[in-house]
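Colleague: Take a look at the following structure, please.
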Amino acid sequence: MTLRSSETILPARTAALEGWWARFLASRLAVVAVVGLGAVLRLYGMGAKSLWHDEGWTFFFAQTNLAYQLVTPTNAPPLYHALLHFWLKLGQGAVMLRLPSALFGIASVWVAYLIGRQIAGQRLGLVTGLLIAVAPMLIWYSQEARYYSLLFLLSALSFYFYLRLFDASARRPWLGYFVVTLLCMYTHYYSFLILLVENLDFFLGWRRHRRRWKRWLLIQVGLGVFYLPWLLFFLGQARAAAGGEVFYPRPNWMELGYSFLTFLAGPVRPLPGALLLPLFAGVGLLGVWHARRVEAPLRLILLLLILPVGLAFLVSLRVPIYHSKHLIAVSLACYLLLALGITLPRDRRLAVLLGLVTLLPIVASLIVYYRLPSRQDWRGIARLIEAQGQPGDAIFFDGQVGHLPFGFYYDGPLDQYGFYGSLSRNWKPLAASASPPESPFWADYGKISYFADTSRSLSDGWWRRPEDASQGYGRVWLMLFYERWSLEQHEAALGTTCEPITGQDFGEVSVYLCPLRGG
C-alpha cells in the first residue's frame, strides 16, 4: 500500500472543494438558493405587526369598485390598487393584504440576478441577487401593503429590458421594455424619473444607438399615447402639489446622505451613518473601477444613482415631494455598485472579506427591523376597546383616516367620529343604519359608511364637532396621532379631563379615556 503525504492530500481536497463550489455557483441551484433566501426573509413575520395608517387606506381603497378608483385619483396611478382589488377576493386578512408586496419583492431578487448576469456574468448576478435578497429597505416594503415593492420590481424590469435592447441575442426586448415600462408608469409618478434616466442614457450613447433611434422614438410615443387616459388625473394632482397639498417637509442637504443610507441599510440602523456611509462609499468606488474593467454600463448605473435623487431634491426645494421611499428604484444602482466592488478582487479571500464587511451592517439592520414593534398598533387598540369598552362610549380619531386600520380589527358596536379634511375629496358620514345612496361609488368600511360628496368643495373640520358628538355619551376613547388639535384643545371641547392609557405601547398613537357627565 502506498501512503500519500498530507502535502498531497490537502491540495487535492482543496481542489475538489473549489471545484464543487465553482459548479454550485454556476448551477441553477445557486439562483434558487438566493431567491429562496429572499422569499424566507420577506414572508417571515409578515403578519406580526399591526396595519398602520397608510395600509388602512390601501385596504379601503382597494375594496372600492374599479370605476370609483378611476374617477377618484389618489397620490398614485391606479395599477396597484386595481390588482389588489381582485386579489382581495381571495381573502382579506393582514397577511393576504400584504402578500402581493412580498411576491413582488421575491420576484425582484430574481430580476436583480438577471440584471447582474446581463452586465458581467453569473458571479455578479448572484452577488447582486444576494444583496437585494437581504436589503432591509426592500424587505420593509415587501411586508407593507403599499405600491413601493411593485414600483421597484417594474423599475428593475424596465432597467433589465433596456440593457437587453442592445444585446443582439435578445428576443423581443422592445416588447418587454414597452410593457413593463408602461405598467411602471401606471404604478407611481416617480417612474418618470426612471424613464428620464433611460432616455438620457440613450441619447448620450448616440453613436452606439443611432441605428435604433426610430424604434426608440416609436416606443416613447407609444408610451405617451397609452398614458393619455391617466394624464388628466396626473396634471390635476401636480397642480394640487404645486398649490400646497403636500405631505412632506422641505428637505435639507443632510437628507441626501440619509437617503442613500436608507437605500442600503434600511430606515433603522444599529450603526451610525458616519461609519456606514464611508464604508458603503468605499465599496461602491471599487465597483465604479470594476465597472470600467468589465465594460459594464457605468454611465447608466450612475445616472440611475444620481439623477432621480438630485432632481427630486431640487424640485422639493419649491414643492416638497421628496421622500426616500418614492426613490426606491435608486437602491438598485446602489446595490449594483456594491456587487461590482465585491466581485472586483481576483483573490477569493479578499472578495469574501469585502462581502462580509458589506453584508454585516446590512444584516444587523435587518435584525433590528424584525424586532421593531408595530408603527401604529391599531390591532392592540381595537382589542383594548373591545375588552374595556362600555355601552354609551364613543370613539374619536384626531388624525387622518385612523378609523381605517382601526376598523380592520375592531368588531364592536361603538360609534366612531373623527377629523377628516386632507384628501382631495370631501367625505360625508352616514349612520350605520342608513341605506347606501344610489351611487356606483358606494363604499362601506366597518361601522362607518361614506360616499364621495362631489357637490361640496374641500373643507377641514370634524364630521361632528367634539362638543356636539359627545352629547349622549358617557365616555370618549380619544386617539391622537398626526394631531390636528392638542390634548388640551380636546379636553376643552369635551369639557373633561382625559386620562392616558398606560401599560401598553401603541406606537405613534396616544390613547386617552375621557369621562363625560361624571361617567
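Residues in the C-alpha cells are numbered from 1 in each chain, the chains being A, B, ... in the order shown, and ligands are numbered from 1 in the order shown.
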Do you know which residues are at most 7 Å from Ser316 in chain A counting only C-alpha atoms, after dropping those on the same chain fewer than 6 positions away, and could you put them as a tab-separated table (two decimals) with all heavy atoms, in the first residue's frame?
Modeller:
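Result file follows (selection-v7.tsv):
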```tsv
chain	number	residue	atom	x	y	z
A	250	ARG	N	-39.85	70.35	3.58
A	250	ARG	CA	-38.79	70.63	2.60
A	250	ARG	C	-37.50	69.96	3.05
A	250	ARG	O	-37.10	70.06	4.20
A	250	ARG	CB	-38.58	72.14	2.47
A	250	ARG	CG	-39.80	72.88	1.94
A	250	ARG	CD	-39.51	74.34	1.68
A	250	ARG	NE	-40.72	75.07	1.38
A	250	ARG	CZ	-41.29	75.09	0.16
A	250	ARG	NH1	-40.70	74.44	-0.83
A	250	ARG	NH2	-42.40	75.76	-0.04
A	251	PRO	N	-36.83	69.25	2.12
A	251	PRO	CA	-35.60	68.54	2.51
A	251	PRO	C	-34.42	69.49	2.66
A	251	PRO	O	-34.39	70.57	2.09
A	251	PRO	CB	-35.39	67.58	1.33
A	251	PRO	CG	-35.97	68.31	0.16
A	251	PRO	CD	-37.16	69.07	0.71
A	322	TYR	N	-40.24	65.25	-1.75
A	322	TYR	CA	-39.11	64.35	-1.59
A	322	TYR	C	-39.33	63.38	-0.43
A	322	TYR	O	-39.63	63.79	0.69
A	322	TYR	CB	-37.83	65.16	-1.33
A	322	TYR	CG	-36.56	64.36	-1.34
A	322	TYR	CD1	-35.80	64.24	-2.49
A	322	TYR	CD2	-36.11	63.70	-0.20
A	322	TYR	CE1	-34.62	63.51	-2.51
A	322	TYR	CE2	-34.94	62.97	-0.20
A	322	TYR	CZ	-34.19	62.87	-1.36
A	322	TYR	OH	-33.05	62.13	-1.36
```
Colleague: Counting only C-alpha atoms, which residues in range 278-326 of chain A sit no more than 12 Å from range 155-159 of chain A? For each one, give the nearest pair of atoms and the distance in Å, sorted by chain then residue number, as a Markdown table.
Modeller:
```
| residue | atom | partner | partner_atom | distance |
| --- | --- | --- | --- | --- |
| A:Pro297 | CA | A:Phe159 | CA | 11.2 |
| A:Leu300 | CA | A:Phe159 | CA | 9.3 |
| A:Ile301 | CA | A:Phe159 | CA | 9.6 |
| A:Leu303 | CA | A:Phe159 | CA | 11.8 |
| A:Leu304 | CA | A:Phe159 | CA | 9.5 |
| A:His326 | CA | A:Ser155 | CA | 11.8 |
```
Colleague: Quick one: residues within 12 Å of Leu302 in chain A, only C-alpha atoms, excluding same-chain residues fewer than 4 positions away - as a PyMOL selection string?
Modeller: chain A and resi 197-198+200-201+284-285+287-288+291+296-298+306-310+330-337
Colleague: Kindly export the residues of the current selection with N, CA, C and O atoms, as a short mmCIF file (atom, residue, chain, number, x, y, z; two decimals), in the first residue's frame.
Modeller:
```cif
data_model
loop_
_atom_site.label_atom_id
_atom_site.label_comp_id
_atom_site.auth_asym_id
_atom_site.auth_seq_id
_atom_site.Cartn_x
_atom_site.Cartn_y
_atom_site.Cartn_z
N VAL A 197 -33.97 58.73 -17.01
CA VAL A 197 -32.62 58.16 -16.97
C VAL A 197 -32.34 57.37 -18.25
O VAL A 197 -31.28 57.51 -18.88
N GLU A 198 -33.28 56.54 -18.65
CA GLU A 198 -33.07 55.69 -19.83
C GLU A 198 -32.99 56.53 -21.09
O GLU A 198 -32.16 56.25 -21.98
N LEU A 200 -32.02 59.68 -21.30
CA LEU A 200 -30.76 60.44 -21.28
C LEU A 200 -29.59 59.53 -21.64
O LEU A 200 -28.69 59.93 -22.41
N ASP A 201 -29.58 58.32 -21.10
CA ASP A 201 -28.50 57.38 -21.44
C ASP A 201 -28.53 57.03 -22.92
O ASP A 201 -27.47 56.92 -23.56
N GLY A 284 -18.49 50.99 -3.05
CA GLY A 284 -19.08 51.49 -4.28
C GLY A 284 -18.05 52.04 -5.25
O GLY A 284 -18.15 51.86 -6.46
N LEU A 285 -17.02 52.72 -4.74
CA LEU A 285 -15.96 53.25 -5.60
C LEU A 285 -15.17 52.11 -6.23
O LEU A 285 -14.74 52.20 -7.40
N GLY A 287 -16.56 49.40 -7.00
CA GLY A 287 -17.48 48.98 -8.05
C GLY A 287 -17.39 49.84 -9.29
O GLY A 287 -17.48 49.33 -10.42
N VAL A 288 -17.20 51.14 -9.11
CA VAL A 288 -17.03 52.03 -10.27
C VAL A 288 -15.79 51.62 -11.05
O VAL A 288 -15.81 51.57 -12.30
N ALA A 291 -16.46 48.38 -12.86
CA ALA A 291 -17.37 48.57 -13.99
C ALA A 291 -16.61 48.99 -15.24
O ALA A 291 -16.94 48.59 -16.36
N ALA A 296 -19.04 47.35 -18.00
CA ALA A 296 -20.42 47.45 -17.52
C ALA A 296 -20.99 48.80 -17.90
O ALA A 296 -20.25 49.77 -18.13
N PRO A 297 -22.31 48.93 -17.97
CA PRO A 297 -22.94 50.21 -18.33
C PRO A 297 -22.84 51.21 -17.19
O PRO A 297 -23.84 51.56 -16.55
N LEU A 298 -21.62 51.68 -16.92
CA LEU A 298 -21.38 52.54 -15.77
C LEU A 298 -22.18 53.83 -15.85
O LEU A 298 -22.71 54.30 -14.85
N ILE A 306 -27.84 58.98 -9.41
CA ILE A 306 -27.73 60.41 -9.09
C ILE A 306 -28.94 61.22 -9.58
O ILE A 306 -29.46 62.07 -8.85
N LEU A 307 -29.38 60.97 -10.82
CA LEU A 307 -30.37 61.86 -11.43
C LEU A 307 -31.71 61.88 -10.69
O LEU A 307 -32.23 62.97 -10.40
N PRO A 308 -32.34 60.72 -10.39
CA PRO A 308 -33.64 60.79 -9.71
C PRO A 308 -33.58 61.49 -8.35
O PRO A 308 -34.44 62.31 -8.02
N VAL A 309 -32.53 61.17 -7.56
CA VAL A 309 -32.40 61.79 -6.24
C VAL A 309 -32.18 63.29 -6.38
O VAL A 309 -32.83 64.10 -5.70
N GLY A 310 -31.25 63.68 -7.26
CA GLY A 310 -30.95 65.11 -7.42
C GLY A 310 -32.12 65.90 -7.93
O GLY A 310 -32.41 67.00 -7.43
N VAL A 330 -33.84 53.63 -6.97
CA VAL A 330 -32.43 54.05 -6.97
C VAL A 330 -31.57 53.05 -6.20
O VAL A 330 -30.38 52.90 -6.48
N SER A 331 -32.16 52.33 -5.25
CA SER A 331 -31.38 51.36 -4.48
C SER A 331 -30.81 50.28 -5.38
O SER A 331 -29.79 49.67 -5.05
N LEU A 332 -31.42 50.02 -6.53
CA LEU A 332 -30.87 49.05 -7.47
C LEU A 332 -29.47 49.46 -7.91
O LEU A 332 -28.55 48.63 -7.95
N ALA A 333 -29.28 50.74 -8.23
CA ALA A 333 -27.96 51.22 -8.64
C ALA A 333 -26.96 51.10 -7.49
O ALA A 333 -25.80 50.74 -7.70
N CYS A 334 -27.40 51.41 -6.27
CA CYS A 334 -26.52 51.29 -5.11
C CYS A 334 -26.01 49.86 -4.95
O CYS A 334 -24.81 49.62 -4.76
N TYR A 335 -26.92 48.90 -5.03
CA TYR A 335 -26.53 47.50 -4.84
C TYR A 335 -25.73 46.96 -6.02
O TYR A 335 -24.89 46.07 -5.84
N LEU A 336 -25.98 47.47 -7.22
CA LEU A 336 -25.15 47.06 -8.35
C LEU A 336 -23.70 47.48 -8.16
O LEU A 336 -22.77 46.72 -8.43
N LEU A 337 -23.49 48.72 -7.68
CA LEU A 337 -22.13 49.18 -7.43
C LEU A 337 -21.47 48.39 -6.30
O LEU A 337 -20.27 48.06 -6.37
#
```
Colleague: Give me every helix (DSSP H, G or I) residue in range 323-364 of chain A, going by DSSP on the backbone, as a PyMOL selection string.
Modeller: chain A and resi 324-327+330-342+348-364
Colleague: Counting only C-alpha atoms, which of A:Val357, A:Ile395, A:Val315, A:Leu366 gets nearest to Leu275 in chain A?
Modeller: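 Distance minimum relative to Leu275 in chain A lands on A:Val357.
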Colleague: Rank A:Val368, A:Ala62, A:Met185, A:Leu223 by their smallest atom-to-atom distance to Leu150 in chain A, using only C-alpha atoms, and report the top residue only.
Modeller: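 With only C-alpha atoms as the atom set, the closest residue is A:Met185.
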Colleague: Write out as a list of chain:residue names the residues lying within 12 Å of Gly45 in chain A, counting only C-alpha atoms and excluding same-chain residues fewer than 2 positions away.
Modeller: A:Ala39, A:Val40, A:Leu41, A:Arg42, A:Leu43, A:Gly47, A:Ala48, A:Lys49, A:Ser50, A:Ala94, A:Val95, A:Arg98, A:Leu99, A:Ala102, A:Ile139, A:Trp140, A:Ser142, A:Gln143, A:Glu144, A:Tyr369, A:Tyr370, A:Arg371, A:Leu372, A:Pro373, A:Ser374
Colleague: Excluding range 382-389 of chain A and residues on its chain fewer than 6 positions from it, collect all residues at most 7 Å away from it, counting only C-alpha atoms, and give them as a PyMOL selection string.
Modeller: chain A and resi 406+409-410+412
Colleague: Quick one: of A:Ala265, A:Ile501, A:Ile119, A:Val31, who's nearest to Arg164 in chain A, counting only C-alpha atoms?
Modeller: A:Ile119
Colleague: By how many Å are CA of Pro249 in chain A and CA of Gly105 in chain A apart?
Modeller: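 Computed distance, CA of Pro249 in chain A to CA of Gly105 in chain A, equals 28.6 Å.
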Colleague: Have a look at CA of Leu264 in chain A and CA of Ala351 in chain A and let me know their distance in Å, one decimal.
Modeller: 19.1 Å
Colleague: Would you compute the distance between CA of Ile106 in chain A and CA of Ser324 in chain A? Give it in Å to one decimal.
Modeller: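 Those two atoms sit 20.9 Å apart.
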Colleague: Nearest to Ile342 in chain A: which of A:Pro413, A:Gly125, A:Pro272, A:Pro361 is it, counting only C-alpha atoms?
Modeller: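 Of A:Pro413, A:Gly125, A:Pro272, A:Pro361, the one nearest Ile342 in chain A is A:Gly125, counting only C-alpha atoms.
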Colleague: Pick the closest to Gly503 in chain A from A:Gly257, A:Val32, A:Leu305, A:Gly380: which is it, counting only C-alpha atoms?
Modeller: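 Selected residue with least distance to Gly503 in chain A: A:Gly380.
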Colleague: With distances taken over only C-alpha atoms, which of A:Pro173, A:Arg293, A:Thr187, A:Leu195 is nearest to Ala82 in chain A?
Modeller: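 Looking only at the distances to Ala82 in chain A, the closest residue turns out to be A:Thr187.
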Colleague: Skipping near chain neighbours, those fewer than 3 positions away, what residues fall within 12 Å of Ile219 in chain A using only C-alpha atoms, listed as a list of chain:residue names?
Modeller: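 Selected residues are A:Tyr162, A:Leu165, A:Pro173, A:Trp174, A:Leu175, A:Gly176, A:Tyr177, A:Phe178, A:Val179, A:Thr181, A:Leu182, A:Leu195, A:Asn199, A:Arg212, A:Trp213, A:Lys214, A:Arg215, A:Trp216, A:Gly222, A:Leu223, A:Gly224, A:Val225, A:Phe226.
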Colleague: Residues as selected, C-alpha atoms, written as a compact mmCIF listing (two decimals), in the first residue's frame, can you do that?
Modeller:
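Saved file selection.txt follows:
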```
# COMPACT_ATOMS: atom_id res chain seq x y z
CA TYR A 162 -33.30 48.43 -21.51
CA LEU A 165 -32.19 46.31 -26.17
CA PRO A 173 -36.66 43.00 -25.83
CA TRP A 174 -38.53 46.00 -27.27
CA LEU A 175 -41.91 44.49 -26.48
CA GLY A 176 -40.85 43.55 -22.95
CA TYR A 177 -39.44 47.02 -22.37
CA PHE A 178 -42.61 48.71 -23.59
CA VAL A 179 -44.98 46.61 -21.47
CA THR A 181 -42.30 50.50 -18.53
CA LEU A 182 -45.94 51.31 -19.20
CA LEU A 195 -37.79 56.83 -17.97
CA ASN A 199 -33.76 58.40 -22.39
CA ARG A 212 -32.11 52.17 -33.21
CA TRP A 213 -33.39 55.74 -32.78
CA LYS A 214 -36.53 55.29 -34.90
CA ARG A 215 -37.68 52.29 -32.88
CA TRP A 216 -36.78 54.08 -29.65
CA GLY A 222 -46.41 54.75 -27.75
CA LEU A 223 -45.85 55.13 -24.00
CA GLY A 224 -47.19 58.67 -24.17
CA VAL A 225 -50.28 57.61 -26.15
CA PHE A 226 -51.12 54.75 -23.79
```
